[in-house]
Amino acid sequence: MTPLIQSKKLIALTFIGFVLVCFAQGARSVSPPDGVGENQPAVTQRYDFNGDGHPDFVLITTFGQTAIWYLNNNIYLSGAGGPTLPLDWDLIDAADFNGNGHPDYALFDSTTGRTAIWYLNNNIFVSGAYGPTIPAGWALAAVGDFNGDAKPDYILYNSTTRQTAIWYLNNNVYMTGGFGPTLPFLWQLVGVADFNSDGHTDYILYNASTRQTAIWYLSGRSLIRGVFGPTIPSGFQLIGAADFNGDGHPDYVLFNRQMHLTEIWYLINNTFESSAAGPDIPVGWRLRLP
């Protein structure tokens, strides 16, 4: 049986901060007034579900069943079933919201705009709580720590205006929020990670038409500059990034849905170094995270 989400009082939602309009790579936005992102902690393996220091894969079926595949770099070690999502809910990302050292699921219902955090112990569902409700026209796109308080924050995206926003959370509770950079036409936000090792979480962008990738270096929610990353081969999609070889640099994770293939592209900052095949994904499943 799918675990129930514990009901929480909805949070009054307001945006504060400057509107940061970023028209192209290399544009610079005004620093936010609250000084966020000044003391961000070192990058951790946020997709490490079994606590072995290696990021893991999260798989999902069209029926909402999840599974966690434990990896050592690109090598499959073992797998375990994860919780099944309720109908109409999507798994958006994973991070440790309650500070117990275990990544949790961040869920979103695009019909109602509701969000929820499912607290996990490895692959086991422990409890759930509602997070803030997303305003109409916006969607939950990813999670990451943008103000350096070691608590994951929501990254929101408006597909009409291409605007992003950061909502700062304390566990599942909304604290405050501000606009982030606006994405260029035809580019999408795939995920977040600290690519230039400055202690600030960066955006990972992807253009499906050209298969080009880009990294936008941020300070808090302000865009500092952007650089192109490697171009993704035809047939593959960029899923996200995590440090698989333990060199302190996030790596790209690619998935070929037709062939059920995965690849890990090892990067230093935005530069491709080498690649390795990851485990094949079973028919009926797709790679969801990282």
# chains A, B, ... in the order shown; residues from 1 in each chain; ligands from 1

$ select_by_dssp --residues "range 104-195 of chain A" --states "strand (DSSP E)" --output "PyMOL selection string"
chain A and resi 104-109+114-121+124-131+139-144+153-157+164-170+173-179+187-193

$ write_last_selection --atoms "C-alpha atoms" --output "compact mmCIF listing (two decimals), in the first residue's frame"
# COMPACT_ATOMS: atom_id res chain seq x y z
CA ASP A 104 14.50 12.15 0.73
CA TYR A 105 12.12 12.30 -2.23
CA ALA A 106 10.75 15.69 -3.35
CA LEU A 107 7.35 15.18 -4.99
CA PHE A 108 5.10 17.49 -7.04
CA ASP A 109 1.48 17.31 -8.17
CA ARG A 114 1.10 20.76 -4.09
CA THR A 115 4.53 19.52 -3.05
CA ALA A 116 5.52 16.85 -0.57
CA ILE A 117 8.64 15.48 1.07
CA TRP A 118 8.91 11.74 1.57
CA TYR A 119 11.46 10.99 4.27
CA LEU A 120 13.46 7.85 3.55
CA ASN A 121 15.90 5.64 5.41
CA ILE A 124 12.47 2.64 3.01
CA PHE A 125 9.65 5.18 3.34
CA VAL A 126 9.51 6.53 6.92
CA SER A 127 6.97 9.36 6.79
CA GLY A 128 5.74 12.19 4.59
CA ALA A 129 4.87 15.87 4.95
CA TYR A 130 3.44 18.47 2.62
CA GLY A 131 5.71 21.27 1.48
CA ALA A 139 6.40 24.05 -11.44
CA LEU A 140 8.91 22.48 -9.09
CA ALA A 141 12.01 21.89 -11.23
CA ALA A 142 14.78 20.76 -8.84
CA VAL A 143 16.13 21.15 -5.32
CA GLY A 144 19.47 22.42 -4.02
CA ASP A 153 15.68 24.72 -1.33
CA TYR A 154 13.11 24.55 -4.12
CA ILE A 155 13.94 25.73 -7.64
CA LEU A 156 10.76 26.81 -9.44
CA TYR A 157 10.30 27.35 -13.18
CA THR A 164 13.25 30.70 -12.31
CA ALA A 165 12.82 31.31 -8.60
CA ILE A 166 14.44 29.98 -5.44
CA TRP A 167 12.29 29.19 -2.43
CA TYR A 168 14.33 28.82 0.77
CA LEU A 169 13.07 26.06 3.03
CA ASN A 170 13.67 24.80 6.55
CA VAL A 173 8.60 24.80 5.61
CA TYR A 174 8.79 27.83 3.29
CA MET A 175 10.88 30.68 4.76
CA THR A 176 11.33 33.24 1.97
CA GLY A 177 11.96 33.38 -1.77
CA GLY A 178 13.45 35.35 -4.64
CA PHE A 179 13.73 35.28 -8.41
CA TRP A 187 16.91 25.85 -22.96
CA GLN A 188 15.70 23.84 -19.98
CA LEU A 189 16.92 23.44 -16.42
CA VAL A 190 18.05 19.82 -15.97
CA GLY A 191 19.51 19.96 -12.47
CA VAL A 192 21.93 21.71 -10.13
CA ALA A 193 25.44 21.06 -8.80

$ residues_around --residues "Leu254 in chain A" --least-positions-apart "5" --cutoff "7 Å" --atoms "only C-alpha atoms" --output "PyMOL selection string"
chain A and resi 236-239+262-264

$ atom_distance --atom1 "CA of Asn207 in chain A" --atom2 "CA of Phe228 in chain A"
10.8 Å

$ closest_residue --among "A:Pro290, A:Leu183, A:Asn72, A:Val58" --to "Asn122 in chain A" --atoms "only C-alpha atoms"
A:Val58

$ atom_distance --atom1 "CA of Phe49 in chain A" --atom2 "CA of Asn123 in chain A"
7.0 Å

$ closest_residue --among "A:Phe255, A:Gly113, A:Asn50, A:Phe63" --to "Gly79 in chain A" --atoms "only C-alpha atoms"
A:Asn50

$ closest_residue --among "A:Ile92, A:Asp247, A:Pro152, A:Thr112" --to "Ala136 in chain A" --atoms "only C-alpha atoms"
A:Thr112
